[in-house]
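> My structure is in protein_33.txt, and what it holds is compact mmCIF, C-alpha atoms:
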```txt
# COMPACT_ATOMS: atom_id res chain seq x y z
CA MET A 184 -5.10 19.54 11.02
CA GLN A 185 -8.78 19.10 11.78
CA LEU A 186 -10.01 16.62 14.35
CA ILE A 187 -12.93 14.45 13.18
CA ASP A 188 -15.29 14.48 16.15
CA GLY A 189 -17.18 11.17 16.07
CA LYS A 190 -18.82 11.82 19.43
CA ALA A 191 -20.46 15.09 18.33
CA THR A 192 -21.42 13.69 14.92
CA ALA A 193 -23.00 10.60 16.50
CA ALA A 194 -24.96 12.77 18.98
CA LYS A 195 -26.31 14.86 16.08
CA ILE A 196 -27.36 11.75 14.08
CA LYS A 197 -29.07 10.23 17.14
CA GLU A 198 -31.05 13.48 17.53
CA GLU A 199 -32.11 13.25 13.87
CA ILE A 200 -33.15 9.59 14.36
CA ALA A 201 -35.13 10.45 17.53
CA GLN A 202 -37.06 13.17 15.63
CA GLU A 203 -37.88 10.71 12.84
CA VAL A 204 -39.00 8.04 15.33
CA GLU A 205 -41.35 10.48 17.08
CA GLN A 206 -42.80 11.37 13.67
CA ILE A 207 -43.33 7.67 12.85
CA VAL A 208 -45.07 7.06 16.20
CA ALA A 209 -47.16 10.25 15.87
CA ASN A 210 -48.36 8.97 12.48
CA GLY A 211 -49.47 5.69 14.06
CA GLY A 212 -46.37 3.69 13.14
CA LYS A 213 -44.44 1.21 15.28
CA ARG A 214 -41.55 2.26 17.52
CA PRO A 215 -38.39 0.45 16.29
CA HIS A 216 -37.28 -2.37 18.61
CA LEU A 217 -33.66 -3.56 18.94
CA ALA A 218 -32.76 -6.65 20.97
CA ALA A 219 -29.22 -7.54 22.09
CA VAL A 220 -28.00 -10.94 23.24
CA LEU A 221 -25.03 -10.91 25.61
CA VAL A 222 -23.26 -14.14 26.56
CA GLY A 223 -20.89 -14.15 29.55
CA HIS A 224 -19.18 -11.20 31.22
CA ASP A 225 -16.50 -9.95 28.81
CA GLY A 226 -15.61 -6.40 29.95
CA GLY A 227 -15.50 -4.90 26.45
CA SER A 228 -18.77 -6.56 25.42
CA GLU A 229 -20.51 -5.38 28.63
CA THR A 230 -19.50 -1.79 27.86
CA TYR A 231 -20.57 -2.00 24.21
CA VAL A 232 -23.97 -3.45 25.06
CA LYS A 233 -24.57 -0.87 27.82
CA ASN A 234 -23.77 1.89 25.33
CA LYS A 235 -26.10 0.33 22.76
CA VAL A 236 -28.98 0.30 25.28
CA LEU A 237 -28.29 3.98 26.12
CA ALA A 238 -28.20 4.83 22.40
CA CYS A 239 -31.59 3.13 21.94
CA GLU A 240 -33.02 5.37 24.67
CA ALA A 241 -31.54 8.47 23.00
CA CYS A 242 -33.10 7.45 19.66
CA GLY A 243 -36.50 6.67 21.14
CA PHE A 244 -36.26 2.94 20.34
CA LYS A 245 -37.59 0.09 22.40
CA SER A 246 -34.69 -2.13 23.51
CA THR A 247 -34.40 -5.58 25.06
CA LEU A 248 -31.27 -7.08 26.60
CA ILE A 249 -31.10 -10.88 26.86
CA ARG A 250 -28.30 -12.19 29.05
CA TYR A 251 -26.81 -15.67 29.32
CA GLU A 252 -23.95 -17.13 31.32
CA ASP A 253 -20.96 -18.31 29.28
CA ASN A 254 -21.83 -21.97 29.89
CA ILE A 255 -24.89 -21.69 27.60
CA THR A 256 -24.95 -24.44 24.96
CA GLU A 257 -24.79 -23.68 21.26
CA GLN A 258 -28.28 -25.16 20.83
CA GLU A 259 -29.75 -22.92 23.55
CA LEU A 260 -28.30 -19.87 21.80
CA LEU A 261 -29.64 -21.07 18.42
CA ASP A 262 -33.07 -21.47 20.05
CA CYS A 263 -32.86 -17.88 21.31
CA VAL A 264 -31.97 -16.65 17.79
CA LYS A 265 -34.92 -18.60 16.34
CA LYS A 266 -37.28 -17.01 18.88
CA LEU A 267 -36.05 -13.50 18.00
CA ASN A 268 -36.34 -14.28 14.26
CA GLU A 269 -39.99 -15.17 14.80
CA ASP A 270 -40.87 -12.29 17.14
CA ASP A 271 -42.76 -9.72 15.01
CA ASP A 272 -42.18 -6.98 17.59
CA VAL A 273 -38.37 -7.23 17.25
CA ASP A 274 -37.21 -5.30 14.15
CA GLY A 275 -33.52 -6.05 14.51
CA PHE A 276 -31.19 -7.85 16.90
CA ILE A 277 -27.53 -8.50 17.53
CA VAL A 278 -25.63 -11.32 19.19
CA GLN A 279 -22.64 -9.60 20.79
CA LEU A 280 -19.29 -11.07 19.71
CA PRO A 281 -16.94 -12.63 20.74
CA LEU A 282 -18.78 -15.74 21.93
CA PRO A 283 -17.32 -18.45 24.21
CA LYS A 284 -14.97 -20.89 22.47
CA HIS A 285 -17.42 -23.82 22.48
CA ILE A 286 -19.91 -21.91 20.30
CA ASP A 287 -19.45 -21.65 16.52
CA GLU A 288 -19.81 -17.91 15.84
CA GLN A 289 -20.40 -18.36 12.12
CA LYS A 290 -23.21 -20.84 12.78
CA ILE A 291 -24.93 -18.29 15.04
CA ILE A 292 -24.49 -15.43 12.52
CA GLU A 293 -25.96 -17.57 9.72
CA ALA A 294 -28.94 -18.53 11.91
CA ILE A 295 -29.98 -14.87 12.23
CA ASP A 296 -32.72 -13.77 9.82
CA TYR A 297 -30.82 -11.49 7.40
CA ARG A 298 -33.79 -9.08 7.45
CA LYS A 299 -33.14 -8.51 11.18
CA ASP A 300 -29.33 -8.66 10.98
CA VAL A 301 -28.65 -5.02 11.91
CA ASP A 302 -24.96 -5.86 12.55
CA GLY A 303 -24.65 -6.61 8.82
CA PHE A 304 -22.67 -9.84 9.37
CA HIS A 305 -24.97 -12.36 7.65
CA PRO A 306 -23.55 -13.68 4.34
CA ILE A 307 -26.61 -12.34 2.47
CA ASN A 308 -25.98 -8.80 3.74
CA VAL A 309 -22.23 -9.12 3.13
CA GLY A 310 -22.88 -10.36 -0.42
CA ARG A 311 -25.44 -7.64 -1.20
CA MET A 312 -23.03 -5.00 0.11
CA ALA A 313 -20.23 -6.36 -2.09
CA ILE A 314 -22.29 -5.85 -5.25
CA GLY A 315 -23.82 -2.55 -4.16
CA LEU A 316 -27.39 -3.68 -3.37
CA PRO A 317 -29.41 -2.12 -0.51
CA CYS A 318 -28.68 -3.94 2.75
CA PHE A 319 -27.52 -3.58 6.34
CA ILE A 320 -23.88 -2.52 6.20
CA SER A 321 -21.73 -3.53 9.18
CA ALA A 322 -21.64 -0.74 11.71
CA THR A 323 -17.98 0.33 11.83
CA PRO A 324 -17.50 0.70 8.03
CA LEU A 325 -20.88 2.47 7.76
CA GLY A 326 -19.79 4.82 10.57
CA ILE A 327 -16.55 5.66 8.75
CA ILE A 328 -18.36 6.35 5.45
CA THR A 329 -20.80 8.59 7.36
CA LEU A 330 -17.94 10.54 9.00
CA LEU A 331 -16.18 11.09 5.65
CA ARG A 332 -19.46 12.39 4.19
CA ARG A 333 -20.37 14.62 7.12
CA TYR A 334 -16.93 16.26 6.98
CA ASN A 335 -17.15 16.63 3.18
CA ILE A 336 -13.87 14.76 2.72
CA GLU A 337 -13.23 14.11 -0.95
CA THR A 338 -12.75 10.37 -1.60
CA SER A 339 -13.51 10.00 -5.32
CA GLY A 340 -10.37 9.04 -7.26
CA LYS A 341 -8.20 9.22 -4.14
CA LYS A 342 -5.72 6.52 -3.14
CA CYS A 343 -6.96 4.76 -0.02
CA VAL A 344 -4.99 2.24 2.03
CA VAL A 345 -6.94 -0.05 4.37
CA LEU A 346 -4.74 -1.63 7.04
CA GLY A 347 -6.29 -4.92 8.13
CA ARG A 348 -8.45 -7.54 6.41
CA SER A 349 -10.95 -8.61 9.09
CA ASN A 350 -14.50 -9.56 8.09
CA ILE A 351 -15.90 -6.91 10.44
CA VAL A 352 -13.86 -3.87 9.32
CA GLY A 353 -11.06 -4.35 6.78
CA LYS A 354 -12.83 -6.27 4.02
CA PRO A 355 -16.17 -4.39 4.05
CA MET A 356 -14.31 -1.07 4.35
CA ALA A 357 -12.25 -1.82 1.25
CA GLN A 358 -15.42 -2.85 -0.64
CA LEU A 359 -17.25 0.36 0.28
CA MET A 360 -14.31 2.66 -0.50
CA MET A 361 -14.08 1.00 -3.92
CA GLN A 362 -17.77 1.34 -4.79
CA LYS A 363 -18.95 4.26 -6.87
CA GLN A 364 -21.83 5.28 -4.57
CA TYR A 365 -19.66 5.32 -1.42
CA GLY A 366 -15.91 5.94 -1.70
CA ASP A 367 -15.18 5.76 -5.45
CA ALA A 368 -11.51 5.50 -4.45
CA THR A 369 -8.53 3.42 -5.60
CA VAL A 370 -8.10 0.92 -2.77
CA THR A 371 -5.12 -1.08 -1.51
CA VAL A 372 -5.54 -3.54 1.36
CA CYS A 373 -2.44 -4.15 3.49
CA HIS A 374 -2.01 -6.65 6.31
CA SER A 375 0.64 -8.29 8.50
CA HIS A 376 2.23 -10.10 5.53
CA SER A 377 2.24 -7.16 3.09
CA LYS A 378 5.61 -6.22 1.68
CA ASN A 379 6.45 -2.49 1.19
CA LEU A 380 3.72 -1.59 3.70
CA LYS A 381 5.32 1.76 4.62
CA GLU A 382 5.73 2.73 0.96
CA GLU A 383 2.07 1.89 0.26
CA CYS A 384 0.95 4.04 3.19
CA ARG A 385 3.19 6.95 2.21
CA GLU A 386 1.40 7.18 -1.14
CA ALA A 387 -2.09 7.15 0.40
CA ASP A 388 -4.43 10.14 0.48
CA ILE A 389 -6.57 8.25 3.02
CA ILE A 390 -5.38 5.64 5.53
CA ILE A 391 -7.95 3.54 7.41
CA ALA A 392 -6.08 1.73 10.18
CA ALA A 393 -7.87 -1.36 11.51
CA ILE A 394 -4.98 -3.66 12.28
CA GLY A 395 -5.42 -3.93 16.08
CA ARG A 396 -1.84 -2.97 16.94
CA PRO A 397 -1.36 0.11 19.14
CA ASP A 398 0.71 2.96 17.65
CA PHE A 399 1.36 0.92 14.48
CA VAL A 400 1.06 3.89 12.10
CA THR A 401 3.97 6.28 12.64
CA ALA A 402 4.93 9.63 11.09
CA ASP A 403 7.27 8.04 8.52
CA MET A 404 4.28 6.19 7.02
CA VAL A 405 2.12 9.25 6.39
CA LYS A 406 2.33 11.82 3.63
CA LYS A 407 1.54 15.46 4.37
CA GLY A 408 -2.15 16.28 4.08
CA ALA A 409 -3.38 12.68 4.36
CA VAL A 410 -6.70 11.80 6.00
CA ILE A 411 -6.27 9.30 8.85
CA ILE A 412 -9.12 7.16 10.18
CA ASP A 413 -8.06 5.21 13.29
CA VAL A 414 -10.27 2.19 14.04
CA GLY A 415 -7.99 0.72 16.72
CA THR A 416 -9.26 0.34 20.29
CA THR A 417 -6.73 -1.69 22.25
CA ARG A 418 -6.81 -1.54 26.04
CA VAL A 419 -3.32 -0.69 27.30
CA PRO A 420 -2.37 -0.54 31.01
CA ASP A 421 -2.37 2.99 32.45
CA ALA A 422 -1.85 3.37 36.20
CA SER A 423 -2.99 7.02 36.10
CA ARG A 424 -6.56 5.96 35.14
CA LYS A 425 -9.15 4.77 37.62
CA SER A 426 -9.94 1.81 35.37
CA GLY A 427 -6.23 0.90 35.20
CA PHE A 428 -6.20 1.11 31.39
CA ARG A 429 -6.77 3.48 28.48
CA LEU A 430 -7.92 2.94 24.93
CA ASN A 431 -5.14 3.21 22.39
CA GLY A 432 -5.53 3.57 18.64
CA ASP A 433 -3.54 1.98 15.82
CA VAL A 434 -2.06 5.41 15.02
CA LYS A 435 0.67 7.17 17.02
CA PHE A 436 -1.54 10.24 17.35
CA ASP A 437 0.89 12.87 18.72
CA GLU A 438 3.46 12.04 16.05
CA VAL A 439 1.07 11.64 13.08
CA SER A 440 -1.58 14.33 13.69
CA PRO A 441 0.61 17.36 12.73
CA LEU A 442 1.00 15.86 9.22
CA CYS A 443 -2.71 15.25 8.57
CA SER A 444 -5.49 17.28 7.04
CA TYR A 445 -8.03 15.26 9.08
CA ILE A 446 -7.65 12.63 11.81
CA THR A 447 -9.97 10.69 14.15
CA PRO A 448 -8.99 10.57 17.84
CA VAL A 449 -9.20 7.44 20.04
CA PRO A 450 -11.47 7.45 21.94
CA GLY A 451 -14.17 9.74 20.49
CA GLY A 452 -13.63 9.10 16.79
CA VAL A 453 -14.87 5.93 15.07
CA GLY A 454 -16.19 4.26 18.27
CA PRO A 455 -19.31 6.43 18.83
CA MET A 456 -20.12 6.19 15.10
CA THR A 457 -20.20 2.39 15.26
CA ILE A 458 -23.05 2.42 17.78
CA CYS A 459 -24.73 5.26 15.90
CA SER A 460 -24.64 3.17 12.68
CA LEU A 461 -26.30 0.30 14.49
CA MET A 462 -29.09 2.75 15.35
CA LYS A 463 -29.34 3.79 11.67
CA ASN A 464 -29.64 0.12 10.68
CA THR A 465 -32.32 -0.45 13.35
CA LEU A 466 -34.35 2.49 12.05
CA ALA A 467 -34.04 1.07 8.51
CA ALA A 468 -35.17 -2.35 9.83
CA GLY A 469 -38.15 -0.76 11.57
CA LYS A 470 -39.14 1.00 8.35
CA LYS A 471 -38.57 -2.21 6.32
CA GLU A 472 -36.35 -0.05 4.12
CA TYR A 473 -34.27 -2.85 2.56
CA TYR A 474 -36.36 -5.98 3.02
CA LYS A 475 -40.15 -6.10 2.96
```
Translate the structure of the given file into structure tokens.


Amino acid sequence: MQLIDGKATAAKIKEEIAQEVEQIVANGGKRPHLAAVLVGHDGGSETYVKNKVLACEACGFKSTLIRYEDNITEQELLDCVKKLNEDDDVDGFIVQLPLPKHIDEQKIIEAIDYRKDVDGFHPINVGRMAIGLPCFISATPLGIITLLRRYNIETSGKKCVVLGRSNIVGKPMAQLMMQKQYGDATVTVCHSHSKNLKEECREADIIIAAIGRPDFVTADMVKKGAVIIDVGTTRVPDASRKSGFRLNGDVKFDEVSPLCSYITPVPGGVGPMTICSLMKNTLAAGKKEYYK
């Protein structure tokens, strides 16, 4: 069993990005600029955004954090998006989800200029990704594809089971694993209403678990030698930690890991790669790689 170290891989990629950015600036080019909009004080979102700002520093990007209280109106947030769309100095920006209940998330996502949508959530980017055109790919699936490549894990022709069908991970992950230039695998998507879920998983060469249920994948669902990618990050109470909680994956790690050829830990697996992929998208936005 080999552990897939997302933390070390992400650090290496950020170093590579930083070198490229310094080269761009040395040649008279513009330093990439990422803006993040944070609404309210959700603990998880605060942590994510803080890590994104730190990642920008590590990559040599300019970063801007725009904060609002959770009583902001939908119109005020749309006005902020419009301003960022029109700001030539901002190459890419994200509006951190989830948003307060009174704001229509989809409306906000669709208001973002797709050429600056480094989260890859805009319908134009989602559509282009689905048919294999150059675009911003949402960060978690892009991070997983990058990990599989960096570890030289064979995916072509393999049977891959994606657990979960969310717009952020499950659906785009299945699309990418299916496409010739990324996974080139045979893909099955399972979810809470799938029948024969254990049987499907037992046949899989690769399982990508993004179902949001701690310890969902157990040893009796995994065949020997399978590759396991655990996307789950559920906070579970843990009195032994200073924070009072720990992050738990969708995979029962101690039970499943002895069976695997490769497995991602939680934390330190997919998580760091998500932020690192956002940095890759920001660099691409700065270079106008996909959209002129």

> Near region 452-460 of chain A, counting all atoms listed in the file, which residues have an atom at most 8 Å away, once you skip same-chain residues fewer than 5 positions from it, shown as number ranges by chain?

A: 187-190, 192-193, 196-197, 234-235, 238, 322-327, 330, 412-414, 447

> Using CA of Ala387 (chain A) and CA of Thr371 (chain A) as the two end points, give the distance in Å to one decimal.

9.0 Å

> Determine, counting all atoms listed in the file, which protein, DNA and RNA residues have an atom within 12 Å of an atom of Leu380 (chain A); residues of the same chain fewer than 2 positions away are not included. Present the result as a count of residues only.

25

> Pick from A:Asp271, A:Asp300, A:Glu293, A:Asp398: nearest to Phe436 (chain A), with only C-alpha atoms counted?

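Looking at the shortest contact to Phe436 (chain A), the residue is A:Asp398.
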
> With only C-alpha atoms as the basis for distance, which of A:Thr329, A:Thr416, A:Asn379, A:Gln202 is at the shortest distance from Cys242 (chain A)?

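Smallest distance to Cys242 (chain A) is found for A:Gln202.
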
> Which of these residues is nearest to Val301 (chain A), using all atoms listed in the file: A:Val236, A:Ala402, A:His216, A:Leu260?

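The answer is A:His216, which sits nearest to Val301 (chain A).
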
> Quote the spacing between CA of Ala313 (chain A) and CA of Lys354 (chain A) in Å to one decimal place.

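Atom-to-atom, CA of Ala313 (chain A) to CA of Lys354 (chain A), that is 9.6 Å.
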
> If I put a ball of radius 10 Å at (-28.0, -19.5, 13.4) in the file's coordinates, which residues poke into it when counting only C-alpha atoms, written as a PyMOL selection string?

chain A and resi 257-258+260-265+268+287-296+305

> Pick out the closest residue to Thr256 (chain A) from this set: A:Lys406, A:Lys425, A:Lys213, A:His285. Count all atoms listed in the file.

A:His285

> How many Å separate CA of Glu203 (chain A) from CA of Asp274 (chain A)?

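Spanning CA of Glu203 (chain A) to CA of Asp274 (chain A) is a straight-line distance of 16.1 Å.
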